[in-house]
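A.B. asks: Here it is: the structure, laid out below.
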Amino acid sequence: MPQPLSKTYFENDDVVFLAKDLIGKQLTTHINGVITSGIITETEAYAGQGDKACHAHLGRFTKRTKVMYESGGIAYIYLCYGIHHLFNIVTNTKGNADAILVRAIEPTLGIDIMQERRGKSKVDKTLTSGPGNISKALGISKSHNTQSVTSDNIWIDDIGYKPSNIKETTRIGIDYSGEDAELPWRFYDKDSKFVSVK
DNA sequence: GCGACGATCCGCT
DNA sequence: GCGGATCGTCGCG
């Protein structure tokens with residue numbers, strides 16, 4: 001039976017553990033009466049103020065980043081390249097700006113809706129791989145910023161599935177982060193084809 | 001006020 | 001493999 005993850009789960013202070021633990025969980029949105037879901041296949045951990053790749057590095061506190069400092073279990077969504085709404089889950093306790101970027105899912109429910117939102121006639125990895133693409137497929141936009149991910153609109157279920165081959169590797173698109181770009185804080189299910197970059 | 005650019009994606013070559 | 005799309009945010013002045 002699907003077991004919704006609680007707010008307490010997201011208040012864990014180990015964002016790297018959580019990023020890995022979320023692989024295999026099911027992310028669902030319920031928007032305008034429509035349900036769409038997918039199994040999380042790829043994530044990245046961003047470890048707050050001490051992480052050069054994190055938007056809250058060195059305690060940067062702006063209108064955009066302030067949501068990251070909230071208590072875990074809410075969404076941090078921001079516009080990237082003026083086009084893509086990237087979906088993150090804020091974690092850790094209030095004052096710690098940790099977050100997890102969800103980079104890919106394997107579609108499970110409402111696949112036809114996701115195809116419609118993405119303008120795709122076929123179901124292949126491009127439907128829900130890549131952080132911009134999953135937001136579009138799930139109907140997530142900036143209006144969901146700061147919203148709870150333990151709610152009736154967005155939630156994550158433990159469906160009793162644990163991938164046996166989780167690859168740990170470096171994060172994508174953060175070359176500006178110096179040595180922190182080398183950290184193995186990106187995780188993906190090796191056995192899934194729904195991964196942005198192998 | 002303003003210029004530069006990004007945790008990306010897609011289409012064309 | 002490469003460049004354009006497209007705009008909010010940020011840092012500087």
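As shown in the structure tokens, the chain order sets the letters A, B, ...; within each chain, residues go from 1, and ligands are also counted from 1 in the order they appear.
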I want to know what sits within 7 Å of stretch 4-7 of chain B, based on only C-alpha atoms (C1' of nucleotides), with residues of the same chain fewer than 4 positions away left out; could you give that as a short mmCIF file (atom, residue, chain, number, x, y, z; two decimals) with N, CA, C and O atoms, in the first residue's frame?
C.D. replies:
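Output below, filename part.cif:
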```
data_model
loop_
_atom_site.label_atom_id
_atom_site.label_comp_id
_atom_site.auth_asym_id
_atom_site.auth_seq_id
_atom_site.Cartn_x
_atom_site.Cartn_y
_atom_site.Cartn_z
N CYS A 80 14.19 28.75 -14.63
CA CYS A 80 15.55 28.58 -15.13
C CYS A 80 15.60 28.90 -16.61
O CYS A 80 14.74 28.46 -17.37
N TYR A 81 16.57 29.68 -17.04
CA TYR A 81 16.71 30.09 -18.43
C TYR A 81 15.45 30.76 -18.97
O TYR A 81 15.20 30.72 -20.18
N ILE A 172 24.77 18.02 -12.29
CA ILE A 172 24.81 18.53 -13.66
C ILE A 172 24.58 20.04 -13.70
O ILE A 172 23.74 20.57 -12.98
N GLY A 173 25.38 20.70 -14.54
CA GLY A 173 25.14 22.12 -14.80
C GLY A 173 25.59 23.06 -13.71
O GLY A 173 25.06 24.15 -13.56
N ILE A 174 26.58 22.62 -12.90
CA ILE A 174 27.03 23.46 -11.79
C ILE A 174 28.55 23.65 -11.83
O ILE A 174 29.21 23.72 -10.80
#
```
A.B. asks: With only C-alpha atoms (C1' of nucleotides) considered, list every residue of chain A at most 9 Å from chain B, as a list in words.
C.D. replies: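 For chain A, the answer reads Glu44, Ala53, Cys54, His55, Cys80, Tyr81, Gly82, Ile83, His84, Leu86, Leu101, Gly130, Pro131, Gly132, Asn133, Arg171, Ile172, Gly173 and Ile174 of chain A.
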A.B. asks: Could you take the residues named above and write them with N, CA and C atoms, as a compact mmCIF listing (two decimals), in the first residue's frame?
C.D. replies:
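After the write, again.txt holds the following:
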```
# COMPACT_ATOMS: atom_id res chain seq x y z
N GLU A 44 19.11 15.29 -7.18
CA GLU A 44 20.38 15.89 -6.77
C GLU A 44 20.19 16.57 -5.42
N ALA A 53 27.25 25.07 -4.88
CA ALA A 53 26.30 24.92 -5.99
C ALA A 53 24.89 25.34 -5.60
N CYS A 54 24.67 25.53 -4.30
CA CYS A 54 23.33 25.82 -3.79
C CYS A 54 23.01 27.31 -3.93
N HIS A 55 21.78 27.61 -4.28
CA HIS A 55 21.40 29.03 -4.43
C HIS A 55 21.52 29.80 -3.11
N CYS A 80 14.19 28.75 -14.63
CA CYS A 80 15.55 28.58 -15.13
C CYS A 80 15.60 28.90 -16.61
N TYR A 81 16.57 29.68 -17.04
CA TYR A 81 16.71 30.09 -18.43
C TYR A 81 15.45 30.76 -18.97
N GLY A 82 14.66 31.34 -18.08
CA GLY A 82 13.47 32.05 -18.52
C GLY A 82 12.38 31.17 -19.07
N ILE A 83 12.54 29.87 -18.99
CA ILE A 83 11.61 28.95 -19.65
C ILE A 83 11.13 27.83 -18.73
N HIS A 84 12.07 27.23 -17.98
CA HIS A 84 11.78 26.00 -17.26
C HIS A 84 11.54 26.23 -15.78
N LEU A 86 11.88 24.60 -12.41
CA LEU A 86 12.54 23.45 -11.80
C LEU A 86 11.97 23.18 -10.41
N LEU A 101 16.71 18.57 -5.83
CA LEU A 101 16.18 18.77 -7.17
C LEU A 101 15.75 17.42 -7.73
N GLY A 130 14.65 14.99 -17.11
CA GLY A 130 15.13 16.37 -17.12
C GLY A 130 14.21 17.22 -16.26
N PRO A 131 14.79 18.05 -15.41
CA PRO A 131 14.01 18.80 -14.42
C PRO A 131 12.95 19.71 -15.02
N GLY A 132 13.23 20.30 -16.18
CA GLY A 132 12.22 21.14 -16.82
C GLY A 132 11.06 20.31 -17.31
N ASN A 133 11.39 19.14 -17.82
CA ASN A 133 10.36 18.28 -18.40
C ASN A 133 9.41 17.68 -17.37
N ARG A 171 26.87 16.25 -9.91
CA ARG A 171 25.69 17.00 -10.30
C ARG A 171 25.90 17.69 -11.66
N ILE A 172 24.77 18.02 -12.29
CA ILE A 172 24.81 18.53 -13.66
C ILE A 172 24.58 20.04 -13.70
N GLY A 173 25.38 20.70 -14.54
CA GLY A 173 25.14 22.12 -14.80
C GLY A 173 25.59 23.06 -13.71
N ILE A 174 26.58 22.62 -12.90
CA ILE A 174 27.03 23.46 -11.79
C ILE A 174 28.55 23.65 -11.83
```
A.B. asks: Could you list, with a cut-off of 9 Å and counting only C-alpha atoms (C1' of nucleotides), the residues of chain C near chain A, each shown with its nearest atom pair and the distance in Å rounded to one decimal, rows sorted by chain and ascending number, as a tab-separated table?
C.D. replies:
```
residue	atom	partner	partner_atom	distance
C:DA5	C1'	A:Ile83	CA	7.9
C:DT6	C1'	A:Gly82	CA	4.7
C:DC7	C1'	A:Gly82	CA	4.4
C:DG8	C1'	A:Leu79	CA	7.0
C:DT9	C1'	A:Arg64	CA	7.5
```
A.B. asks: Go ahead and write the selection's residues with all heavy atoms as a short mmCIF file (atom, residue, chain, number, x, y, z; two decimals), in the first residue's frame.
C.D. replies:
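So result.cif came out as:
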```cif
data_model
loop_
_atom_site.label_atom_id
_atom_site.label_comp_id
_atom_site.auth_asym_id
_atom_site.auth_seq_id
_atom_site.Cartn_x
_atom_site.Cartn_y
_atom_site.Cartn_z
P DA C 5 16.29 33.59 -30.69
OP1 DA C 5 15.44 34.10 -31.78
OP2 DA C 5 17.22 34.49 -29.98
"O5'" DA C 5 15.34 32.88 -29.63
"C5'" DA C 5 14.60 31.74 -30.03
"C4'" DA C 5 13.90 31.15 -28.82
"O4'" DA C 5 14.85 30.43 -28.01
"C3'" DA C 5 13.26 32.21 -27.90
"O3'" DA C 5 11.97 31.76 -27.54
"C2'" DA C 5 14.21 32.27 -26.72
"C1'" DA C 5 14.76 30.84 -26.66
N9 DA C 5 16.10 30.72 -26.08
C8 DA C 5 17.14 31.59 -26.21
N7 DA C 5 18.23 31.20 -25.59
C5 DA C 5 17.87 30.01 -25.00
C6 DA C 5 18.57 29.09 -24.20
N6 DA C 5 19.85 29.24 -23.84
N1 DA C 5 17.92 27.99 -23.78
C2 DA C 5 16.65 27.82 -24.14
N3 DA C 5 15.88 28.61 -24.89
C4 DA C 5 16.56 29.70 -25.30
P DT C 6 10.84 32.79 -27.27
OP1 DT C 6 9.54 32.09 -27.36
OP2 DT C 6 11.09 33.99 -28.09
"O5'" DT C 6 11.09 33.18 -25.76
"C5'" DT C 6 10.91 32.20 -24.76
"C4'" DT C 6 11.30 32.78 -23.42
"O4'" DT C 6 12.73 32.66 -23.24
"C3'" DT C 6 10.97 34.27 -23.30
"O3'" DT C 6 10.44 34.51 -22.02
"C2'" DT C 6 12.31 34.95 -23.47
"C1'" DT C 6 13.23 33.92 -22.85
N1 DT C 6 14.66 33.99 -23.25
C2 DT C 6 15.51 33.06 -22.70
O2 DT C 6 15.16 32.21 -21.92
N3 DT C 6 16.82 33.19 -23.10
C4 DT C 6 17.35 34.12 -23.95
O4 DT C 6 18.53 34.11 -24.21
C5 DT C 6 16.39 35.06 -24.49
C7 DT C 6 16.85 36.10 -25.44
C6 DT C 6 15.12 34.95 -24.12
P DC C 7 9.42 35.80 -21.90
OP1 DC C 7 8.03 35.33 -21.99
OP2 DC C 7 9.89 36.90 -22.75
"O5'" DC C 7 9.72 36.19 -20.40
"C5'" DC C 7 9.67 35.20 -19.38
"C4'" DC C 7 10.62 35.59 -18.27
"O4'" DC C 7 11.98 35.26 -18.62
"C3'" DC C 7 10.64 37.09 -17.96
"O3'" DC C 7 10.75 37.26 -16.56
"C2'" DC C 7 11.94 37.56 -18.60
"C1'" DC C 7 12.80 36.35 -18.29
N1 DC C 7 14.06 36.25 -19.04
C2 DC C 7 15.10 35.49 -18.47
O2 DC C 7 14.93 34.95 -17.38
N3 DC C 7 16.27 35.39 -19.14
C4 DC C 7 16.42 35.99 -20.32
N4 DC C 7 17.59 35.86 -20.94
C5 DC C 7 15.37 36.76 -20.93
C6 DC C 7 14.22 36.85 -20.25
P DG C 8 9.51 37.73 -15.72
OP1 DG C 8 8.32 37.03 -16.19
OP2 DG C 8 9.57 39.20 -15.72
"O5'" DG C 8 9.87 37.22 -14.26
"C5'" DG C 8 10.04 35.83 -14.04
"C4'" DG C 8 11.22 35.58 -13.12
"O4'" DG C 8 12.46 35.69 -13.85
"C3'" DG C 8 11.34 36.52 -11.94
"O3'" DG C 8 11.74 35.74 -10.83
"C2'" DG C 8 12.42 37.52 -12.36
"C1'" DG C 8 13.31 36.66 -13.24
N9 DG C 8 13.97 37.35 -14.34
C8 DG C 8 13.41 38.29 -15.19
N7 DG C 8 14.23 38.68 -16.12
C5 DG C 8 15.40 37.99 -15.88
C6 DG C 8 16.64 38.01 -16.58
O6 DG C 8 16.95 38.65 -17.57
N1 DG C 8 17.57 37.15 -16.00
C2 DG C 8 17.33 36.37 -14.90
N2 DG C 8 18.34 35.60 -14.48
N3 DG C 8 16.17 36.33 -14.24
C4 DG C 8 15.26 37.16 -14.78
P DT C 9 11.86 36.34 -9.39
OP1 DT C 9 11.33 35.30 -8.50
OP2 DT C 9 11.32 37.71 -9.38
"O5'" DT C 9 13.43 36.42 -9.17
"C5'" DT C 9 14.19 35.25 -9.46
"C4'" DT C 9 15.66 35.57 -9.36
"O4'" DT C 9 16.10 36.26 -10.53
"C3'" DT C 9 16.05 36.46 -8.17
"O3'" DT C 9 17.10 35.80 -7.49
"C2'" DT C 9 16.49 37.76 -8.81
"C1'" DT C 9 16.97 37.30 -10.18
N1 DT C 9 16.91 38.28 -11.28
C2 DT C 9 17.98 38.40 -12.14
O2 DT C 9 18.99 37.74 -12.02
N3 DT C 9 17.81 39.30 -13.16
C4 DT C 9 16.71 40.09 -13.40
O4 DT C 9 16.68 40.86 -14.34
C5 DT C 9 15.62 39.93 -12.45
C7 DT C 9 14.38 40.74 -12.62
C6 DT C 9 15.77 39.04 -11.46
#
```
A.B. asks: Using backbone DSSP assignments, extract all alpha helix (DSSP H) residues from stretch 21-149 of chain A; output them as a ChimeraX atom specification.
C.D. replies: /A:21,111-118,131-138
A.B. asks: Run DSSP on the backbone and tell me which residues of stretch 109-195 of chain A come out as strand (DSSP E or B); list them as a ChimeraX atom specification.
C.D. replies: /A:109,129,148,154-158,166-169,186-189
A.B. asks: List the neighbours of A:Thr43 out to 6 Å using only C-alpha atoms (C1' of nucleotides); skip same-chain residues closer than 4 positions along the sequence, and give me the result as a ChimeraX atom specification.
C.D. replies: /A:19,101-103,186-187
A.B. asks: Which distance in Å separates atom CA of A:Gly72 and atom CA of A:Gly50, to one decimal?
C.D. replies: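 Result for atom CA of A:Gly72 versus atom CA of A:Gly50: 17.3 Å, one decimal.
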A.B. asks: Counting only C-alpha atoms (C1' of nucleotides), what is within 9 Å of A:Glu11, bar same-chain residues fewer than 5 positions away, as a PyMOL selection string?
C.D. replies: chain A and resi 71-73+90-94
A.B. asks: Take the selection from the previous step and output its residues with N, CA, C and O atoms, as a PDB file, in the first residue's frame.
C.D. replies:
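So the final result, stored in out_29.pdb, reads:
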```
ATOM      1  N   SER A  71      11.261  25.201   7.089  1.00  0.00           N
ATOM      2  CA  SER A  71      11.264  23.805   7.523  1.00  0.00           C
ATOM      3  C   SER A  71      10.926  22.902   6.342  1.00  0.00           C
ATOM      4  O   SER A  71      10.147  23.285   5.462  1.00  0.00           O
ATOM      5  N   GLY A  72      11.528  21.699   6.301  1.00  0.00           N
ATOM      6  CA  GLY A  72      11.393  20.796   5.161  1.00  0.00           C
ATOM      7  C   GLY A  72       9.958  20.377   4.856  1.00  0.00           C
ATOM      8  O   GLY A  72       9.068  20.471   5.696  1.00  0.00           O
ATOM      9  N   GLY A  73       9.765  19.915   3.616  1.00  0.00           N
ATOM     10  CA  GLY A  73       8.453  19.413   3.219  1.00  0.00           C
ATOM     11  C   GLY A  73       7.660  20.360   2.345  1.00  0.00           C
ATOM     12  O   GLY A  73       6.463  20.158   2.141  1.00  0.00           O
ATOM     13  N   VAL A  90      12.294  21.249  -0.422  1.00  0.00           N
ATOM     14  CA  VAL A  90      13.063  21.800   0.694  1.00  0.00           C
ATOM     15  C   VAL A  90      13.132  20.744   1.799  1.00  0.00           C
ATOM     16  O   VAL A  90      12.131  20.091   2.108  1.00  0.00           O
ATOM     17  N   THR A  91      14.337  20.570   2.373  1.00  0.00           N
ATOM     18  CA  THR A  91      14.504  19.610   3.465  1.00  0.00           C
ATOM     19  C   THR A  91      15.201  20.268   4.650  1.00  0.00           C
ATOM     20  O   THR A  91      15.565  21.435   4.598  1.00  0.00           O
ATOM     21  N   ASN A  92      15.376  19.467   5.719  1.00  0.00           N
ATOM     22  CA  ASN A  92      16.035  19.887   6.955  1.00  0.00           C
ATOM     23  C   ASN A  92      15.126  20.853   7.744  1.00  0.00           C
ATOM     24  O   ASN A  92      14.029  21.177   7.310  1.00  0.00           O
ATOM     25  N   THR A  93      15.605  21.255   8.902  1.00  0.00           N
ATOM     26  CA  THR A  93      14.798  22.105   9.780  1.00  0.00           C
ATOM     27  C   THR A  93      14.937  23.576   9.391  1.00  0.00           C
ATOM     28  O   THR A  93      15.817  23.940   8.612  1.00  0.00           O
ATOM     29  N   LYS A  94      14.065  24.391   9.936  1.00  0.00           N
ATOM     30  CA  LYS A  94      14.060  25.828   9.631  1.00  0.00           C
ATOM     31  C   LYS A  94      15.433  26.429   9.892  1.00  0.00           C
ATOM     32  O   LYS A  94      16.069  26.133  10.898  1.00  0.00           O
TER      33      LYS A  94
END
```
